[in-house]
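Structure file start-v5.cif (mmCIF, C-alpha atoms) follows.
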data_entry
loop_
_atom_site.label_atom_id
_atom_site.label_comp_id
_atom_site.auth_asym_id
_atom_site.auth_seq_id
_atom_site.Cartn_x
_atom_site.Cartn_y
_atom_site.Cartn_z
CA MET A 1 11.32 -35.48 -82.19
CA VAL A 2 8.28 -36.62 -84.16
CA ALA A 3 8.60 -38.49 -87.47
CA THR A 4 5.98 -37.48 -90.03
CA PRO A 5 4.90 -39.07 -93.35
CA ILE A 6 7.25 -38.87 -96.34
CA GLY A 7 4.30 -38.74 -98.73
CA ASN A 8 1.23 -40.74 -97.82
CA LEU A 9 -0.47 -38.95 -94.92
CA GLY A 10 -1.65 -42.30 -93.57
CA ASP A 11 1.93 -43.15 -92.60
CA ILE A 12 1.83 -41.40 -89.25
CA THR A 13 1.79 -43.23 -85.96
CA LEU A 14 -0.94 -43.07 -83.34
CA ARG A 15 1.65 -41.92 -80.82
CA ALA A 16 2.74 -39.08 -83.13
CA LEU A 17 -0.85 -37.84 -83.42
CA GLU A 18 -1.32 -38.04 -79.66
CA VAL A 19 1.84 -36.02 -79.03
CA LEU A 20 1.08 -33.40 -81.69
CA ARG A 21 -2.36 -32.89 -80.20
CA GLY A 22 -1.00 -32.55 -76.68
CA VAL A 23 2.07 -30.32 -76.93
CA ASP A 24 2.06 -26.58 -76.37
CA VAL A 25 4.20 -25.80 -79.43
CA VAL A 26 5.09 -27.56 -82.69
CA ALA A 27 8.41 -26.51 -84.18
CA ALA A 28 8.34 -27.12 -87.92
CA GLU A 29 10.84 -26.88 -90.76
CA ASP A 30 8.16 -25.33 -92.99
CA THR A 31 5.08 -24.11 -91.15
CA ARG A 32 2.99 -24.13 -94.34
CA ASP A 33 3.71 -27.79 -95.17
CA SER A 34 3.32 -28.82 -91.55
CA GLY A 35 0.12 -26.79 -91.29
CA ARG A 36 -1.43 -28.90 -94.03
CA LEU A 37 -0.51 -32.10 -92.16
CA LEU A 38 -1.92 -30.83 -88.88
CA ASN A 39 -5.10 -29.55 -90.56
CA HIS A 40 -5.59 -32.95 -92.20
CA TYR A 41 -5.81 -34.49 -88.74
CA GLY A 42 -7.75 -31.63 -87.18
CA ILE A 43 -4.87 -30.58 -84.93
CA ALA A 44 -4.81 -26.96 -83.85
CA ALA A 45 -1.30 -26.18 -82.70
CA ARG A 46 0.90 -23.17 -82.17
CA LEU A 47 3.52 -23.41 -84.92
CA VAL A 48 7.01 -21.92 -84.82
CA ALA A 49 9.58 -22.14 -87.62
CA LEU A 50 12.82 -24.02 -87.08
CA HIS A 51 14.90 -24.57 -90.21
CA GLU A 52 18.55 -24.69 -91.27
CA HIS A 53 18.87 -20.90 -91.40
CA ASN A 54 17.49 -20.11 -87.93
CA GLU A 55 18.00 -23.32 -85.98
CA ARG A 56 20.41 -21.95 -83.39
CA ASN A 57 18.35 -18.84 -82.60
CA ALA A 58 15.04 -20.70 -82.71
CA GLY A 59 16.60 -23.46 -80.64
CA ALA A 60 17.44 -21.01 -77.86
CA LYS A 61 13.81 -19.85 -77.80
CA ILE A 62 12.60 -23.45 -77.63
CA VAL A 63 14.94 -24.18 -74.72
CA ALA A 64 13.46 -21.11 -73.00
CA LEU A 65 9.95 -22.47 -73.59
CA LEU A 66 10.97 -25.78 -72.01
CA GLY A 67 12.32 -23.82 -69.08
CA GLU A 68 8.84 -22.31 -68.65
CA GLY A 69 7.39 -25.81 -68.43
CA LYS A 70 6.07 -25.90 -71.99
CA SER A 71 6.17 -29.01 -74.14
CA VAL A 72 7.49 -28.86 -77.73
CA ALA A 73 7.31 -31.28 -80.65
CA LEU A 74 9.79 -30.96 -83.51
CA ILE A 75 8.81 -32.08 -87.01
CA SER A 76 10.50 -31.71 -90.38
CA ASP A 77 8.86 -31.38 -93.79
CA ALA A 78 8.81 -35.16 -94.13
CA GLY A 79 10.35 -38.11 -92.34
CA THR A 80 12.45 -38.08 -89.20
CA PRO A 81 13.87 -34.80 -87.84
CA ALA A 82 17.67 -34.42 -87.84
CA ILE A 83 18.11 -37.09 -90.55
CA SER A 84 19.27 -34.95 -93.50
CA ASP A 85 16.97 -32.33 -92.00
CA PRO A 86 17.30 -29.70 -89.24
CA GLY A 87 17.07 -30.75 -85.62
CA ALA A 88 20.49 -31.94 -84.45
CA HIS A 89 21.56 -28.55 -83.05
CA LEU A 90 18.25 -28.20 -81.26
CA VAL A 91 18.52 -31.64 -79.69
CA ALA A 92 22.06 -30.90 -78.53
CA ALA A 93 20.93 -27.60 -76.97
CA VAL A 94 17.95 -29.23 -75.28
CA ARG A 95 20.07 -31.99 -73.80
CA ALA A 96 22.78 -29.54 -72.73
CA ALA A 97 20.13 -27.55 -70.87
CA GLY A 98 19.13 -30.67 -68.93
CA PHE A 99 15.86 -31.44 -70.73
CA LYS A 100 14.84 -34.70 -72.36
CA ALA A 101 14.83 -35.20 -76.14
CA VAL A 102 12.38 -38.01 -76.82
CA PRO A 103 12.37 -39.77 -80.23
CA LEU A 104 9.08 -40.85 -81.78
CA PRO A 105 10.07 -43.22 -84.61
CA GLY A 106 8.23 -43.39 -87.89
CA ALA A 107 8.68 -42.81 -91.58
CA ASN A 108 12.20 -42.71 -93.02
CA ALA A 109 12.87 -42.68 -96.78
CA ALA A 110 16.18 -44.54 -96.64
CA ILE A 111 14.80 -47.43 -94.58
CA ALA A 112 11.67 -47.61 -96.73
CA ALA A 113 13.81 -47.85 -99.87
CA LEU A 114 16.04 -50.54 -98.38
CA SER A 115 13.06 -52.62 -97.32
CA ALA A 116 11.64 -52.69 -100.85
CA ALA A 117 14.86 -53.02 -102.86
CA GLY A 118 15.44 -56.73 -102.34
CA LEU A 119 19.13 -56.22 -101.60
CA ALA A 120 20.88 -58.79 -99.44
CA GLU A 121 23.74 -56.60 -98.23
CA MET A 122 23.99 -56.82 -94.46
CA HIS A 123 25.63 -53.41 -94.04
CA PHE A 124 25.01 -50.01 -95.58
CA LEU A 125 26.45 -46.52 -95.34
CA PHE A 126 23.83 -43.77 -95.17
CA TYR A 127 25.40 -40.69 -96.73
CA GLY A 128 22.35 -38.52 -97.37
CA PHE A 129 22.70 -35.62 -99.82
CA LEU A 130 25.89 -35.30 -101.84
CA PRO A 131 27.31 -31.78 -102.37
CA HIS A 132 25.55 -29.51 -104.88
CA SER A 133 28.75 -28.62 -106.71
CA GLY A 134 29.79 -31.16 -109.33
CA SER A 135 33.49 -30.96 -108.51
CA GLU A 136 32.87 -31.33 -104.78
CA ARG A 137 30.39 -34.14 -105.40
CA ARG A 138 33.01 -36.05 -107.40
CA ARG A 139 35.61 -35.47 -104.68
CA GLN A 140 33.27 -36.90 -102.07
CA LEU A 141 32.49 -39.89 -104.27
CA GLU A 142 36.23 -40.56 -104.63
CA THR A 143 36.42 -40.93 -100.84
CA LEU A 144 33.58 -43.48 -100.98
CA LYS A 145 34.85 -45.35 -104.03
CA ASP A 146 36.44 -48.24 -102.13
CA THR A 147 33.74 -48.56 -99.46
CA PRO A 148 32.55 -52.20 -99.55
CA HIS A 149 29.12 -51.41 -98.12
CA LEU A 150 25.94 -50.43 -99.91
CA LEU A 151 25.82 -46.64 -100.34
CA VAL A 152 22.59 -44.77 -99.63
CA PHE A 153 22.09 -41.27 -101.02
CA TYR A 154 19.25 -38.76 -101.18
CA GLU A 155 18.88 -36.63 -104.30
CA SER A 156 16.54 -33.97 -105.63
CA PRO A 157 14.98 -33.92 -109.12
CA HIS A 158 16.95 -30.98 -110.49
CA ARG A 159 20.29 -32.65 -109.74
CA ILE A 160 19.48 -36.29 -110.44
CA LEU A 161 20.99 -36.44 -113.95
CA ALA A 162 24.26 -34.79 -112.93
CA CYS A 163 24.47 -36.92 -109.80
CA VAL A 164 23.97 -40.20 -111.66
CA ALA A 165 26.51 -39.15 -114.30
CA ASP A 166 29.05 -38.53 -111.55
CA LEU A 167 28.23 -41.81 -109.83
CA GLN A 168 28.99 -43.68 -113.03
CA ALA A 169 32.12 -41.67 -113.80
CA VAL A 170 33.65 -42.16 -110.36
CA LEU A 171 32.34 -45.55 -109.25
CA GLY A 172 32.23 -47.25 -112.65
CA GLY A 173 29.39 -48.57 -114.77
CA ALA A 174 29.38 -52.10 -113.39
CA ARG A 175 27.97 -51.14 -109.98
CA ARG A 176 24.24 -51.69 -109.43
CA ILE A 177 21.96 -48.78 -108.59
CA THR A 178 18.41 -48.91 -107.28
CA PHE A 179 16.23 -45.85 -107.75
CA ALA A 180 13.51 -45.43 -105.13
CA ARG A 181 11.50 -42.43 -106.31
CA GLU A 182 8.50 -40.72 -104.75
CA LEU A 183 8.18 -43.36 -102.05
CA THR A 184 4.64 -43.81 -100.64
CA LYS A 185 3.25 -41.39 -103.26
CA LEU A 186 1.08 -41.90 -106.34
CA TYR A 187 3.98 -42.30 -108.80
CA GLU A 188 6.24 -44.37 -106.59
CA THR A 189 8.94 -46.10 -108.65
CA ILE A 190 11.55 -48.66 -107.66
CA HIS A 191 13.94 -49.55 -110.47
CA ALA A 192 17.30 -51.33 -110.44
CA CYS A 193 19.95 -51.46 -113.17
CA ALA A 194 23.67 -51.21 -113.78
CA LEU A 195 25.09 -47.72 -113.33
CA GLU A 196 26.12 -47.71 -116.99
CA GLU A 197 22.42 -48.04 -117.92
CA ALA A 198 21.05 -45.60 -115.34
CA LEU A 199 21.41 -42.32 -117.22
CA ALA A 200 19.74 -43.73 -120.32
CA TRP A 201 16.83 -44.99 -118.21
CA LEU A 202 16.31 -41.55 -116.70
CA GLU A 203 16.61 -39.73 -120.02
CA ALA A 204 14.19 -42.10 -121.75
CA ASP A 205 11.31 -40.91 -119.56
CA PRO A 206 11.41 -37.34 -118.20
CA ASN A 207 8.73 -38.32 -115.67
CA GLN A 208 11.29 -40.54 -113.96
CA GLN A 209 13.41 -37.45 -113.31
CA LYS A 210 10.74 -35.90 -111.09
CA GLY A 211 10.26 -36.19 -107.35
CA GLU A 212 12.54 -37.04 -104.47
CA PHE A 213 15.01 -39.91 -104.82
CA VAL A 214 16.72 -42.44 -102.63
CA LEU A 215 19.66 -43.97 -104.50
CA LEU A 216 21.06 -47.32 -103.39
CA VAL A 217 24.44 -48.08 -104.95
CA SER A 218 26.24 -51.38 -104.49
CA GLY A 219 29.51 -51.24 -102.61
CA ALA A 220 32.97 -51.81 -104.00
CA GLU A 221 33.78 -55.42 -104.74
CA VAL A 222 35.97 -56.89 -102.04
CA VAL A 223 38.90 -58.59 -103.70
CA LYS A 224 40.49 -61.07 -101.34
CA GLU A 225 44.22 -60.69 -101.51
CA GLU A 226 46.10 -63.85 -102.32
CA GLY A 227 49.22 -64.57 -100.38
CA VAL A 228 50.31 -63.96 -96.83
CA GLY A 229 49.58 -61.29 -94.26
CA ALA A 230 52.28 -58.93 -93.06
CA ALA A 231 52.60 -60.58 -89.64
CA ALA A 232 53.03 -64.07 -91.10
CA ARG A 233 55.55 -62.78 -93.62
CA HIS A 234 57.61 -61.26 -90.82
CA ILE A 235 57.56 -64.53 -88.89
CA LEU A 236 58.65 -66.44 -91.99
CA GLU A 237 61.51 -64.03 -92.71
CA ILE A 238 62.85 -64.47 -89.16
CA LEU A 239 62.65 -68.28 -89.36
CA LEU A 240 64.26 -68.43 -92.80
CA ALA A 241 67.24 -66.54 -91.46
CA GLU A 242 67.91 -69.36 -88.99
CA LEU A 243 66.37 -72.54 -90.41
CA PRO A 244 66.13 -74.57 -93.63
CA LEU A 245 63.22 -73.61 -95.89
CA LYS A 246 60.91 -76.57 -95.16
CA GLN A 247 61.39 -76.33 -91.40
CA ALA A 248 60.86 -72.56 -91.47
CA VAL A 249 57.64 -72.97 -93.45
CA LYS A 250 56.38 -75.71 -91.11
CA LEU A 251 56.91 -73.55 -88.03
CA ALA A 252 55.47 -70.45 -89.72
CA VAL A 253 52.29 -72.37 -90.52
CA GLU A 254 51.93 -73.47 -86.91
CA ILE A 255 52.57 -69.99 -85.53
CA SER A 256 50.57 -67.88 -87.98
CA GLY A 257 47.77 -70.21 -89.10
CA GLU A 258 48.39 -69.20 -92.73
CA LYS A 259 48.04 -71.80 -95.50
CA LYS A 260 51.09 -73.94 -96.07
CA ASN A 261 51.10 -73.53 -99.84
CA ALA A 262 51.00 -69.73 -99.61
CA LEU A 263 53.85 -69.66 -97.10
CA TYR A 264 55.90 -72.13 -99.15
CA GLU A 265 55.51 -70.02 -102.30
CA LEU A 266 56.49 -66.92 -100.36
CA ALA A 267 59.51 -68.71 -98.87
CA LEU A 268 60.70 -69.71 -102.33
CA ALA A 269 60.29 -66.13 -103.53
CA LEU A 270 62.21 -64.78 -100.53
CA LYS A 271 65.02 -67.25 -101.04
CA LYS A 272 65.16 -66.40 -104.72
CA GLY A 273 65.29 -62.74 -103.83
CA ASP A 274 68.21 -63.37 -101.52
#

For this file, produce the structure as structure tokens.
Amino acid sequence: MVATPIGNLGDITLRALEVLRGVDVVAAEDTRDSGRLLNHYGIAARLVALHEHNERNAGAKIVALLGEGKSVALISDAGTPAISDPGAHLVAAVRAAGFKAVPLPGANAAIAALSAAGLAEMHFLFYGFLPHSGSERRRQLETLKDTPHLLVFYESPHRILACVADLQAVLGGARRITFARELTKLYETIHACALEEALAWLEADPNQQKGEFVLLVSGAEVVKEEGVGAAARHILEILLAELPLKQAVKLAVEISGEKKNALYELALALKKGD
């Protein structure tokens, strides 16, 4: 599994070049695109196509080649195979047949975008491409709406406006979005703004609607609930049934570790309710 450049051809590792020169077969998502990469580095390789429409059939042929003692490198059009690209079914078949699937790390658009965005979030959720259909895209975004972690999406130029409109409609305009466009290429752009400003920024310059996008969207704000957890409330209710309010609160604090003031307020409310 060989990672290839996402734009700048210089972003390929020495190990990747060594492997591509040495294998018997290179399985490629698009043999024309991959042919240009290999030609750039003077690599003459036998290319076979492996893409989303033929992966299972082509995968069986690759497993057969491995059974004959051949070596195979898998590459996608750009970046790391099996990350929002074909390859996962092949890897599963190779491993099931008892052969090794060896990863050669390298370029990855999501990680490149995160490294240059200046975002301090410790955790992120890599989603990849949202559905093409607007209604399905909005349904998927609804499931992500309350996720507290940074959301990482891929998007193509012909859907970017509709996608950003849906992001704002579902997630709200206050969230922050970072556009990482055409990473490592001539017109690389990294731009951050509020979601409510994002559509206007794109529409103001049609050039910013071109190319491949990584979208980084801030997670849902975590609102810390005031009051008492369910377990502490249960303890307090049991104690109040047997003890005076102050004594019940004192013991509930010691047992649960909750704050005294919060438990006292809850105890008053429970007594009032009774």

Find the residues of stretch 195-232 of chain A that sit at most 6 Å from stretch 141-156 of chain A; for each, write down the nearest two atoms and how far apart they are in Å, to one decimal. Count all atoms listed in the file. Sort by chain, then by number going up, and give it as a Markdown table.
| residue | atom | partner | partner_atom | distance |
| --- | --- | --- | --- | --- |
| A:Glu212 | CA | A:Ser156 | CA | 5.2 |
| A:Phe213 | CA | A:Glu155 | CA | 5.1 |
| A:Val214 | CA | A:Tyr154 | CA | 4.7 |
| A:Leu215 | CA | A:Phe153 | CA | 5.0 |
| A:Leu216 | CA | A:Val152 | CA | 4.8 |
| A:Val217 | CA | A:Leu151 | CA | 5.0 |
| A:Ser218 | CA | A:Leu150 | CA | 4.7 |
| A:Gly219 | CA | A:Pro148 | CA | 4.4 |
| A:Ala220 | CA | A:Pro148 | CA | 4.5 |

May I ask for the distance between atom CA of A:Val170 and atom CA of A:Cys193, given in Å to one decimal place?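 Pair atom CA of A:Val170 / atom CA of A:Cys193 returns 16.8 Å.
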
Given only C-alpha atoms as the counted atoms, nearest of A:Gly173, A:Pro157, A:Gly79, A:Gly7 to A:Pro206: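 Ranking A:Gly173, A:Pro157, A:Gly79, A:Gly7 by distance to A:Pro206, first place goes to A:Pro157.
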
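Taking all atoms listed in the file into account, A:Ile83 lies nearest to A:Ala109 out of the set A:Ala97, A:Ala231, A:Leu167, A:Ala109.
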
Run the PyMOL selection byres ((chain A and resi 259-265) around 12) against the file shown and list the residues it catches, as an MDAnalysis selection string. chainID A and resid 225:237 239:240 244:258 266:272

Filtering to C-alpha atoms, could you give me those residues as an mmCIF file, keeping the file's coordinate frame?
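The resulting result.cif:
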data_model
loop_
_atom_site.group_PDB
_atom_site.id
_atom_site.type_symbol
_atom_site.label_atom_id
_atom_site.label_comp_id
_atom_site.auth_asym_id
_atom_site.auth_seq_id
_atom_site.Cartn_x
_atom_site.Cartn_y
_atom_site.Cartn_z
ATOM 1 C CA GLU A 225 44.220 -60.690 -101.510
ATOM 2 C CA GLU A 226 46.100 -63.850 -102.320
ATOM 3 C CA GLY A 227 49.220 -64.570 -100.380
ATOM 4 C CA VAL A 228 50.310 -63.960 -96.830
ATOM 5 C CA GLY A 229 49.580 -61.290 -94.260
ATOM 6 C CA ALA A 230 52.280 -58.930 -93.060
ATOM 7 C CA ALA A 231 52.600 -60.580 -89.640
ATOM 8 C CA ALA A 232 53.030 -64.070 -91.100
ATOM 9 C CA ARG A 233 55.550 -62.780 -93.620
ATOM 10 C CA HIS A 234 57.610 -61.260 -90.820
ATOM 11 C CA ILE A 235 57.560 -64.530 -88.890
ATOM 12 C CA LEU A 236 58.650 -66.440 -91.990
ATOM 13 C CA GLU A 237 61.510 -64.030 -92.710
ATOM 14 C CA LEU A 239 62.650 -68.280 -89.360
ATOM 15 C CA LEU A 240 64.260 -68.430 -92.800
ATOM 16 C CA PRO A 244 66.130 -74.570 -93.630
ATOM 17 C CA LEU A 245 63.220 -73.610 -95.890
ATOM 18 C CA LYS A 246 60.910 -76.570 -95.160
ATOM 19 C CA GLN A 247 61.390 -76.330 -91.400
ATOM 20 C CA ALA A 248 60.860 -72.560 -91.470
ATOM 21 C CA VAL A 249 57.640 -72.970 -93.450
ATOM 22 C CA LYS A 250 56.380 -75.710 -91.110
ATOM 23 C CA LEU A 251 56.910 -73.550 -88.030
ATOM 24 C CA ALA A 252 55.470 -70.450 -89.720
ATOM 25 C CA VAL A 253 52.290 -72.370 -90.520
ATOM 26 C CA GLU A 254 51.930 -73.470 -86.910
ATOM 27 C CA ILE A 255 52.570 -69.990 -85.530
ATOM 28 C CA SER A 256 50.570 -67.880 -87.980
ATOM 29 C CA GLY A 257 47.770 -70.210 -89.100
ATOM 30 C CA GLU A 258 48.390 -69.200 -92.730
ATOM 31 C CA LEU A 266 56.490 -66.920 -100.360
ATOM 32 C CA ALA A 267 59.510 -68.710 -98.870
ATOM 33 C CA LEU A 268 60.700 -69.710 -102.330
ATOM 34 C CA ALA A 269 60.290 -66.130 -103.530
ATOM 35 C CA LEU A 270 62.210 -64.780 -100.530
ATOM 36 C CA LYS A 271 65.020 -67.250 -101.040
ATOM 37 C CA LYS A 272 65.160 -66.400 -104.720
#

Using all atoms listed in the file, pick whichever of A:Thr189, A:Asn57, A:Ser133, A:Thr184 has the shortest atom-to-atom distance to A:Leu202. A:Thr189

Selection: 9 Å around A:Ser71, all atoms listed in the file, excl. self and same-chain fewer than 4 positions, as a ChimeraX atom specification: /A:22-26,65-66

Could you name the residues that touch A:Phe99 at 10 Å or less, counting all atoms listed in the file, but leaving out those on the same chain fewer than 4 positions away, as a VMD selection string? chain A and resid 63 66 to 67 91 to 95

Apply the PyMOL selection byres ((chain A and resi 8) around 9) to the file shown and report the selected residues as a list in words.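 Checked against the file, the PyMOL selection byres ((chain A and resi 8) around 9) matches Pro5, Ile6, Gly7, Leu9, Gly10, Asp11, Ile12, Leu183, Thr184, Lys185 and Leu186 of chain A.
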
Write out as a list in words each polymer residue whose atoms come within 9 Å of A:Leu47, counting all atoms listed in the file; drop sequence neighbours fewer than 4 positions from it.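 The residues that qualify are Val25, Val26, Ala27, Ala28, Thr31, Ser34 and Gly35 of chain A.
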
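Of the listed residues A:Gln140, A:Leu20, A:Gly118, A:Gly69, the one whose atoms come nearest to A:Asn39 is A:Leu20, with distances taken using all atoms listed in the file.
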